[in-house]
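Visitor: work-v6.txt is reproduced below (compact mmCIF, N, CA and C atoms).
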```txt
# COMPACT_ATOMS: atom_id res chain seq x y z
N MET A 281 116.14 135.30 100.27
CA MET A 281 116.05 133.87 100.04
C MET A 281 114.93 133.59 99.04
N ASP A 282 115.16 132.67 98.13
CA ASP A 282 114.21 132.36 97.07
C ASP A 282 113.14 131.40 97.58
N ASN A 283 111.86 131.74 97.39
CA ASN A 283 110.75 130.90 97.82
C ASN A 283 110.57 129.66 96.95
N GLN A 284 111.15 129.63 95.78
CA GLN A 284 110.96 128.53 94.85
C GLN A 284 111.93 127.38 95.08
N LEU A 285 112.90 127.55 95.98
CA LEU A 285 113.90 126.53 96.23
C LEU A 285 113.26 125.25 96.75
N GLY A 286 113.51 124.14 96.09
CA GLY A 286 112.97 122.85 96.50
C GLY A 286 111.57 122.56 95.99
N LYS A 287 110.97 123.48 95.28
CA LYS A 287 109.62 123.27 94.75
C LYS A 287 109.70 122.66 93.36
N ALA A 288 108.65 121.95 92.99
CA ALA A 288 108.64 121.25 91.72
C ALA A 288 107.26 121.34 91.07
N VAL A 289 107.24 121.13 89.77
CA VAL A 289 106.00 121.04 89.01
C VAL A 289 105.76 119.55 88.77
N VAL A 290 104.62 119.07 89.24
CA VAL A 290 104.29 117.65 89.08
C VAL A 290 103.75 117.42 87.68
N LYS A 291 104.39 116.53 86.97
CA LYS A 291 103.97 116.19 85.61
C LYS A 291 102.96 115.05 85.61
N GLU A 292 103.24 114.01 86.43
CA GLU A 292 102.36 112.84 86.45
C GLU A 292 102.56 112.07 87.74
N VAL A 293 101.45 111.56 88.28
CA VAL A 293 101.46 110.67 89.44
C VAL A 293 100.62 109.47 89.07
N THR A 294 101.21 108.28 89.09
CA THR A 294 100.48 107.07 88.73
C THR A 294 100.59 106.04 89.85
N ILE A 295 99.56 105.21 89.95
CA ILE A 295 99.55 104.10 90.89
C ILE A 295 99.45 102.82 90.08
N GLN A 296 100.39 101.90 90.31
CA GLN A 296 100.31 100.57 89.71
C GLN A 296 99.63 99.67 90.72
N TYR A 297 98.41 99.25 90.43
CA TYR A 297 97.57 98.55 91.39
C TYR A 297 97.49 97.05 91.15
N GLY A 298 98.04 96.55 90.07
CA GLY A 298 97.96 95.12 89.78
C GLY A 298 99.34 94.57 89.45
N ASP A 299 99.34 93.31 89.04
CA ASP A 299 100.60 92.64 88.72
C ASP A 299 101.11 92.96 87.33
N GLN A 300 100.22 93.39 86.44
CA GLN A 300 100.62 93.67 85.07
C GLN A 300 101.13 95.09 84.94
N GLU A 301 102.02 95.32 83.96
CA GLU A 301 102.58 96.65 83.75
C GLU A 301 101.52 97.68 83.36
N ASP A 302 100.47 97.23 82.67
CA ASP A 302 99.45 98.18 82.25
C ASP A 302 98.32 98.35 83.28
N ASP A 303 98.47 97.77 84.48
CA ASP A 303 97.51 97.96 85.57
C ASP A 303 97.90 99.19 86.38
N TYR A 304 97.74 100.36 85.78
CA TYR A 304 98.05 101.59 86.48
C TYR A 304 97.00 102.65 86.15
N ILE A 305 96.93 103.65 87.03
CA ILE A 305 95.99 104.74 86.83
C ILE A 305 96.71 106.05 87.14
N ASN A 306 96.47 107.04 86.31
CA ASN A 306 97.05 108.36 86.51
C ASN A 306 96.15 109.14 87.47
N ILE A 307 96.69 109.53 88.63
CA ILE A 307 95.89 110.27 89.61
C ILE A 307 96.37 111.72 89.75
N SER A 308 97.08 112.22 88.76
CA SER A 308 97.63 113.58 88.82
C SER A 308 96.57 114.62 89.13
N ASN A 309 95.40 114.48 88.51
CA ASN A 309 94.34 115.48 88.71
C ASN A 309 93.64 115.34 90.07
N LEU A 310 93.94 114.28 90.84
CA LEU A 310 93.35 114.08 92.15
C LEU A 310 94.28 114.50 93.29
N VAL A 311 95.55 114.75 92.96
CA VAL A 311 96.56 115.05 93.98
C VAL A 311 96.48 116.51 94.39
N SER A 312 96.35 116.72 95.70
CA SER A 312 96.32 118.07 96.26
C SER A 312 97.72 118.55 96.62
N SER A 313 98.52 117.67 97.22
CA SER A 313 99.91 118.02 97.55
C SER A 313 100.74 116.77 97.70
N ILE A 314 102.04 116.95 97.52
CA ILE A 314 103.01 115.87 97.68
C ILE A 314 104.13 116.38 98.58
N SER A 315 104.51 115.59 99.55
CA SER A 315 105.65 115.91 100.42
C SER A 315 106.60 114.73 100.40
N ILE A 316 107.88 115.00 100.17
CA ILE A 316 108.90 113.97 100.19
C ILE A 316 109.92 114.35 101.25
N TYR A 317 110.26 113.37 102.10
CA TYR A 317 111.14 113.63 103.24
C TYR A 317 112.44 112.85 103.11
N GLU A 318 113.49 113.51 103.53
CA GLU A 318 114.81 112.91 103.56
C GLU A 318 115.36 113.16 104.97
N SER A 319 116.01 112.16 105.55
CA SER A 319 116.49 112.29 106.92
C SER A 319 117.92 111.78 107.02
N ILE A 320 118.69 112.39 107.90
CA ILE A 320 120.05 111.90 108.13
C ILE A 320 120.02 110.62 108.95
N PHE A 321 118.86 110.27 109.52
CA PHE A 321 118.73 109.07 110.34
C PHE A 321 118.23 107.87 109.54
N SER A 322 117.91 108.06 108.27
CA SER A 322 117.39 106.99 107.43
C SER A 322 118.09 107.00 106.08
N LYS A 323 118.24 105.84 105.51
CA LYS A 323 118.86 105.72 104.18
C LYS A 323 117.83 105.88 103.06
N HIS A 324 116.56 106.01 103.42
CA HIS A 324 115.51 105.94 102.42
C HIS A 324 114.60 107.18 102.47
N LEU A 325 114.08 107.54 101.29
CA LEU A 325 113.11 108.62 101.20
C LEU A 325 111.73 108.11 101.63
N THR A 326 110.97 108.97 102.26
CA THR A 326 109.58 108.69 102.59
C THR A 326 108.75 109.90 102.18
N GLY A 327 107.45 109.77 102.20
CA GLY A 327 106.62 110.90 101.87
C GLY A 327 105.16 110.58 101.92
N ASN A 328 104.35 111.55 101.50
CA ASN A 328 102.92 111.33 101.45
C ASN A 328 102.30 112.17 100.34
N VAL A 329 101.14 111.72 99.91
CA VAL A 329 100.36 112.39 98.88
C VAL A 329 98.97 112.60 99.45
N ILE A 330 98.48 113.82 99.40
CA ILE A 330 97.10 114.08 99.81
C ILE A 330 96.23 114.04 98.56
N VAL A 331 95.19 113.20 98.61
CA VAL A 331 94.34 112.93 97.46
C VAL A 331 92.92 113.40 97.75
N VAL A 332 92.34 114.12 96.79
CA VAL A 332 90.93 114.50 96.83
C VAL A 332 90.23 113.62 95.80
N ASP A 333 89.47 112.65 96.29
CA ASP A 333 89.00 111.55 95.46
C ASP A 333 87.47 111.50 95.39
N ALA A 334 86.93 111.62 94.19
CA ALA A 334 85.50 111.45 93.99
C ALA A 334 85.23 110.16 93.20
N ARG A 335 86.28 109.35 93.02
CA ARG A 335 86.16 108.11 92.23
C ARG A 335 86.22 106.86 93.10
N ASN A 336 86.37 107.02 94.42
CA ASN A 336 86.45 105.93 95.37
C ASN A 336 87.55 104.92 94.99
N LEU A 337 88.74 105.43 94.75
CA LEU A 337 89.86 104.59 94.33
C LEU A 337 90.21 103.51 95.34
N ILE A 338 90.10 103.82 96.62
CA ILE A 338 90.47 102.84 97.65
C ILE A 338 89.70 101.55 97.46
N ASN A 339 88.40 101.64 97.23
CA ASN A 339 87.58 100.43 97.05
C ASN A 339 87.59 99.91 95.63
N ASN A 340 87.56 100.80 94.65
CA ASN A 340 87.49 100.36 93.25
C ASN A 340 88.77 99.67 92.79
N LEU A 341 89.92 100.13 93.29
CA LEU A 341 91.20 99.50 92.90
C LEU A 341 91.65 98.47 93.92
N LEU A 342 90.89 98.33 95.00
CA LEU A 342 91.25 97.42 96.09
C LEU A 342 92.65 97.70 96.60
N LEU A 343 92.92 98.97 96.92
CA LEU A 343 94.23 99.36 97.41
C LEU A 343 94.46 98.74 98.79
N THR A 344 95.59 98.06 98.92
CA THR A 344 95.91 97.38 100.18
C THR A 344 97.16 97.93 100.84
N GLY A 345 97.89 98.80 100.15
CA GLY A 345 99.10 99.35 100.73
C GLY A 345 100.37 98.71 100.20
N GLN A 346 100.29 97.89 99.17
CA GLN A 346 101.47 97.28 98.57
C GLN A 346 101.65 97.72 97.12
N GLU A 347 100.97 98.77 96.72
CA GLU A 347 101.04 99.24 95.34
C GLU A 347 102.23 100.17 95.14
N ASN A 348 102.63 100.30 93.88
CA ASN A 348 103.68 101.24 93.52
C ASN A 348 103.06 102.58 93.13
N ILE A 349 103.69 103.66 93.55
CA ILE A 349 103.27 105.00 93.14
C ILE A 349 104.48 105.66 92.49
N THR A 350 104.31 106.16 91.29
CA THR A 350 105.39 106.80 90.55
C THR A 350 105.10 108.28 90.43
N ILE A 351 106.10 109.08 90.80
CA ILE A 351 105.98 110.53 90.75
C ILE A 351 106.96 111.05 89.72
N ASN A 352 106.44 111.78 88.74
CA ASN A 352 107.25 112.37 87.69
C ASN A 352 107.12 113.89 87.82
N CYS A 353 108.23 114.57 88.12
CA CYS A 353 108.16 116.01 88.31
C CYS A 353 109.42 116.69 87.78
N GLU A 354 109.34 118.00 87.73
CA GLU A 354 110.45 118.81 87.24
C GLU A 354 110.67 119.95 88.22
N MET A 355 111.91 120.14 88.64
CA MET A 355 112.24 121.18 89.61
C MET A 355 112.08 122.57 88.99
N LEU A 356 111.55 123.52 89.78
CA LEU A 356 111.37 124.88 89.28
C LEU A 356 112.70 125.58 89.07
N GLU A 357 113.69 125.23 89.84
CA GLU A 357 115.02 125.85 89.73
C GLU A 357 115.86 125.22 88.61
N GLY A 358 115.27 124.43 87.77
CA GLY A 358 116.00 123.78 86.69
C GLY A 358 116.52 122.43 87.13
N GLY A 359 117.39 121.87 86.35
CA GLY A 359 117.91 120.55 86.68
C GLY A 359 117.18 119.48 85.91
N ASN A 360 117.53 118.25 86.20
CA ASN A 360 116.96 117.11 85.51
C ASN A 360 115.57 116.78 86.04
N PRO A 361 114.69 116.28 85.18
CA PRO A 361 113.39 115.80 85.66
C PRO A 361 113.58 114.61 86.61
N VAL A 362 112.66 114.46 87.53
CA VAL A 362 112.72 113.37 88.50
C VAL A 362 111.58 112.42 88.21
N ASN A 363 111.90 111.14 88.08
CA ASN A 363 110.90 110.10 87.87
C ASN A 363 111.23 108.98 88.86
N LYS A 364 110.50 108.89 89.96
CA LYS A 364 110.84 107.98 91.04
C LYS A 364 109.63 107.13 91.41
N THR A 365 109.85 105.84 91.62
CA THR A 365 108.81 104.92 92.04
C THR A 365 108.97 104.61 93.51
N PHE A 366 107.86 104.69 94.24
CA PHE A 366 107.83 104.40 95.67
C PHE A 366 106.83 103.29 95.92
N ARG A 367 106.77 102.82 97.17
CA ARG A 367 105.82 101.79 97.58
C ARG A 367 104.84 102.37 98.58
N LEU A 368 103.55 102.26 98.30
CA LEU A 368 102.53 102.69 99.26
C LEU A 368 102.54 101.73 100.44
N TYR A 369 102.46 102.27 101.64
CA TYR A 369 102.39 101.38 102.81
C TYR A 369 101.24 101.71 103.75
N LYS A 370 100.57 102.83 103.53
CA LYS A 370 99.50 103.19 104.45
C LYS A 370 98.61 104.26 103.83
N ILE A 371 97.32 104.17 104.13
CA ILE A 371 96.37 105.22 103.78
C ILE A 371 95.71 105.66 105.07
N SER A 372 95.77 106.96 105.34
CA SER A 372 95.25 107.46 106.62
C SER A 372 94.47 108.75 106.42
N ASN A 373 93.94 109.27 107.52
CA ASN A 373 93.23 110.55 107.56
C ASN A 373 92.10 110.63 106.54
N ILE A 374 91.30 109.59 106.46
CA ILE A 374 90.20 109.58 105.50
C ILE A 374 89.07 110.48 106.02
N ILE A 375 88.74 111.49 105.22
CA ILE A 375 87.69 112.44 105.57
C ILE A 375 86.67 112.43 104.44
N ARG A 376 85.41 112.22 104.78
CA ARG A 376 84.34 112.23 103.78
C ARG A 376 83.77 113.64 103.68
N GLU A 377 83.68 114.13 102.45
CA GLU A 377 83.09 115.44 102.16
C GLU A 377 81.84 115.19 101.34
N GLY A 378 80.69 115.13 101.98
CA GLY A 378 79.46 114.84 101.26
C GLY A 378 79.35 113.36 100.95
N ASP A 379 78.56 113.04 99.94
CA ASP A 379 78.31 111.64 99.58
C ASP A 379 79.37 111.05 98.66
N LEU A 380 80.04 111.89 97.89
CA LEU A 380 80.93 111.36 96.85
C LEU A 380 82.42 111.58 97.11
N VAL A 381 82.80 112.68 97.70
CA VAL A 381 84.21 113.06 97.79
C VAL A 381 84.80 112.62 99.12
N GLN A 382 86.00 112.08 99.04
CA GLN A 382 86.76 111.78 100.24
C GLN A 382 88.19 112.28 100.05
N ILE A 383 88.77 112.74 101.14
CA ILE A 383 90.14 113.24 101.15
C ILE A 383 90.93 112.32 102.05
N TYR A 384 92.10 111.89 101.58
CA TYR A 384 92.93 111.01 102.40
C TYR A 384 94.40 111.20 102.07
N THR A 385 95.23 110.64 102.93
CA THR A 385 96.68 110.72 102.77
C THR A 385 97.23 109.34 102.46
N MET A 386 97.99 109.24 101.37
CA MET A 386 98.70 108.02 101.01
C MET A 386 100.16 108.19 101.43
N HIS A 387 100.64 107.29 102.26
CA HIS A 387 102.02 107.34 102.72
C HIS A 387 102.85 106.37 101.87
N PHE A 388 104.05 106.81 101.50
CA PHE A 388 104.91 105.96 100.67
C PHE A 388 106.34 106.00 101.16
N CYS A 389 107.12 105.02 100.70
CA CYS A 389 108.54 104.95 101.05
C CYS A 389 109.30 104.34 99.88
N ASP A 390 110.61 104.45 99.96
CA ASP A 390 111.48 103.82 98.97
C ASP A 390 111.28 102.31 99.05
N PRO A 391 111.08 101.61 97.92
CA PRO A 391 110.88 100.15 97.96
C PRO A 391 112.02 99.40 98.63
N LEU A 392 113.23 99.95 98.58
CA LEU A 392 114.36 99.27 99.21
C LEU A 392 114.27 99.28 100.73
N MET A 393 113.41 100.12 101.28
CA MET A 393 113.24 100.17 102.72
C MET A 393 112.72 98.83 103.25
N TYR A 394 111.82 98.19 102.51
CA TYR A 394 111.33 96.88 102.91
C TYR A 394 112.45 95.86 102.95
N ARG A 395 113.25 95.87 101.92
CA ARG A 395 114.33 94.88 101.81
C ARG A 395 115.36 95.06 102.92
N SER A 396 115.72 96.30 103.23
CA SER A 396 116.73 96.53 104.26
C SER A 396 116.19 96.18 105.65
N LYS A 397 114.88 96.28 105.84
CA LYS A 397 114.29 95.89 107.12
C LYS A 397 114.20 94.38 107.25
N GLU A 398 114.03 93.67 106.13
CA GLU A 398 113.85 92.22 106.16
C GLU A 398 115.17 91.46 106.17
N GLU A 399 116.18 91.99 105.50
CA GLU A 399 117.42 91.26 105.35
C GLU A 399 118.42 91.64 106.42
N ARG A 400 119.23 90.69 106.76
CA ARG A 400 120.31 90.92 107.69
C ARG A 400 121.36 91.77 106.99
N ILE A 401 121.75 92.87 107.60
CA ILE A 401 122.67 93.79 106.94
C ILE A 401 124.12 93.41 107.18
N SER A 402 124.46 93.03 108.38
CA SER A 402 125.84 92.63 108.65
C SER A 402 125.86 91.19 109.14
N GLN A 403 126.94 90.51 108.83
CA GLN A 403 127.08 89.12 109.25
C GLN A 403 128.55 88.76 109.33
N ALA A 404 128.83 87.76 110.13
CA ALA A 404 130.21 87.28 110.22
C ALA A 404 130.42 86.21 109.15
N LEU A 405 131.48 86.36 108.39
CA LEU A 405 131.80 85.41 107.33
C LEU A 405 133.00 84.59 107.76
N ARG A 406 132.96 83.30 107.46
CA ARG A 406 134.06 82.41 107.85
C ARG A 406 134.53 81.64 106.62
N GLY A 407 135.75 81.19 106.68
CA GLY A 407 136.31 80.40 105.60
C GLY A 407 137.27 81.22 104.76
N SER A 408 137.63 80.64 103.63
CA SER A 408 138.55 81.33 102.73
C SER A 408 137.83 82.48 102.02
N HIS A 409 138.61 83.37 101.41
CA HIS A 409 138.01 84.49 100.68
C HIS A 409 137.11 83.97 99.56
N LYS A 410 137.55 82.93 98.90
CA LYS A 410 136.77 82.36 97.80
C LYS A 410 135.42 81.86 98.31
N ASP A 411 135.43 81.13 99.43
CA ASP A 411 134.19 80.59 99.99
C ASP A 411 133.25 81.72 100.44
N MET A 412 133.80 82.77 101.06
CA MET A 412 132.97 83.87 101.53
C MET A 412 132.29 84.58 100.36
N ILE A 413 133.04 84.82 99.29
CA ILE A 413 132.47 85.49 98.12
C ILE A 413 131.41 84.63 97.46
N GLU A 414 131.67 83.32 97.33
CA GLU A 414 130.67 82.42 96.75
C GLU A 414 129.39 82.41 97.57
N ASN A 415 129.53 82.41 98.92
CA ASN A 415 128.36 82.41 99.79
C ASN A 415 127.55 83.70 99.64
N LEU A 416 128.24 84.83 99.50
CA LEU A 416 127.54 86.10 99.31
C LEU A 416 126.73 86.10 98.02
N PHE A 417 127.32 85.59 96.92
CA PHE A 417 126.62 85.59 95.65
C PHE A 417 125.49 84.57 95.61
N GLU A 418 125.57 83.50 96.39
CA GLU A 418 124.48 82.53 96.45
C GLU A 418 123.26 83.15 97.12
N GLU A 419 123.46 84.06 98.09
CA GLU A 419 122.36 84.70 98.79
C GLU A 419 121.62 85.70 97.92
N ILE A 420 122.28 86.26 96.93
CA ILE A 420 121.65 87.26 96.06
C ILE A 420 120.86 86.61 95.03
```
Kindly transcribe the structure held in the file into structure tokens.
Guide:
Amino acid sequence: MDNQLGKAVVKEVTIQYGDQEDDYINISNLVSSISIYESIFSKHLTGNVIVVDARNLINNLLLTGQENITINCEMLEGGNPVNKTFRLYKISNIIREGDLVQIYTMHFCDPLMYRSKEERISQALRGSHKDMIENLFEEI
């Protein structure tokens, strides 16, 4: 069995911390490991990034858990490069190493996970086909 199956080379990891497109920071050199999980019980990818941080990003960027994190990587077994944006939802396991360095885990999920949790997925529709279709498009 090949040990390289499922492994990737990380090209870039960025966090978009503000409302503007140029409010992002490349944290590739701070990332210790990335794990992405897929489950048959969920429609969405989840994962975490372990960060070794001597720049105090949590306080300096005012990270609240609603930021976007983009992971750009290339599979070792070939194939197309992967460029995927996720939503940070939690920072945990903060460990201080000395006065400057802290190690922590950033948890992320597919941004659509929020929408599917907030919106009603199934509903009973009444009326003519035309009315039902118009009602569906008004909700979008």
Visitor: Using only N, CA and C atoms, give me every residue within 6 Å of (86.4, 109.5, 95.0) in file coordinates, as a PyMOL selection string.
Guide: chain A and resi 332-337+380-382
Visitor: Please compute the atom N of Cys389 (chain A)-atom N of Phe366 (chain A) distance, one decimal, in Å.
Guide: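 Spanning atom N of Cys389 (chain A) to atom N of Phe366 (chain A) is a straight-line distance of 6.5 Å.
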Visitor: Taking only region 330-412 of chain A into account, list the residues labelled strand (DSSP E or B) by DSSP (computed from the backbone), as a PyMOL selection string.
Guide: chain A and resi 330-333+348-355+362-377+381-389
Visitor: Tell me, in Å to one decimal, how far atom C of Glu377 (chain A) is from atom C of Val331 (chain A).
Guide: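 Separating atom C of Glu377 (chain A) from atom C of Val331 (chain A) is a distance of 11.8 Å.
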Visitor: Would you place a box with edges along x, y and z of the file around all atoms of region 368-379 of chain A listed there, add 3 Å to each of its six sides, and report the centre and edge lengths in Å to one decimal, as AutoDock Vina command-line options?
Guide:
```
--center_x 90.9 --center_y 108.4 --center_z 102.9 --size_x 31.2 --size_y 20.1 --size_z 15.3
```
Visitor: Using only C-alpha atoms, which residue out of A:Val290, A:Tyr297, A:Leu392, A:Tyr369 lies closest to Asn339 (chain A)?
Guide: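 Among A:Val290, A:Tyr297, A:Leu392, A:Tyr369, it is A:Tyr297 that comes nearest to Asn339 (chain A).
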Visitor: Excluding Glu292 (chain A) and its own-chain neighbours fewer than 4 positions away, which residues fall within 6 Å of it when counting all atoms listed in the file? Please give them as a ChimeraX atom specification.
Guide: /A:308,350-353
Visitor: Pick from A:Leu368, A:Gly407, A:Thr385, A:Gln300: nearest to Gln346 (chain A), with only N, CA and C atoms counted?
Guide: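 Checking each candidate against Gln346 (chain A), we get A:Leu368 as the closest.
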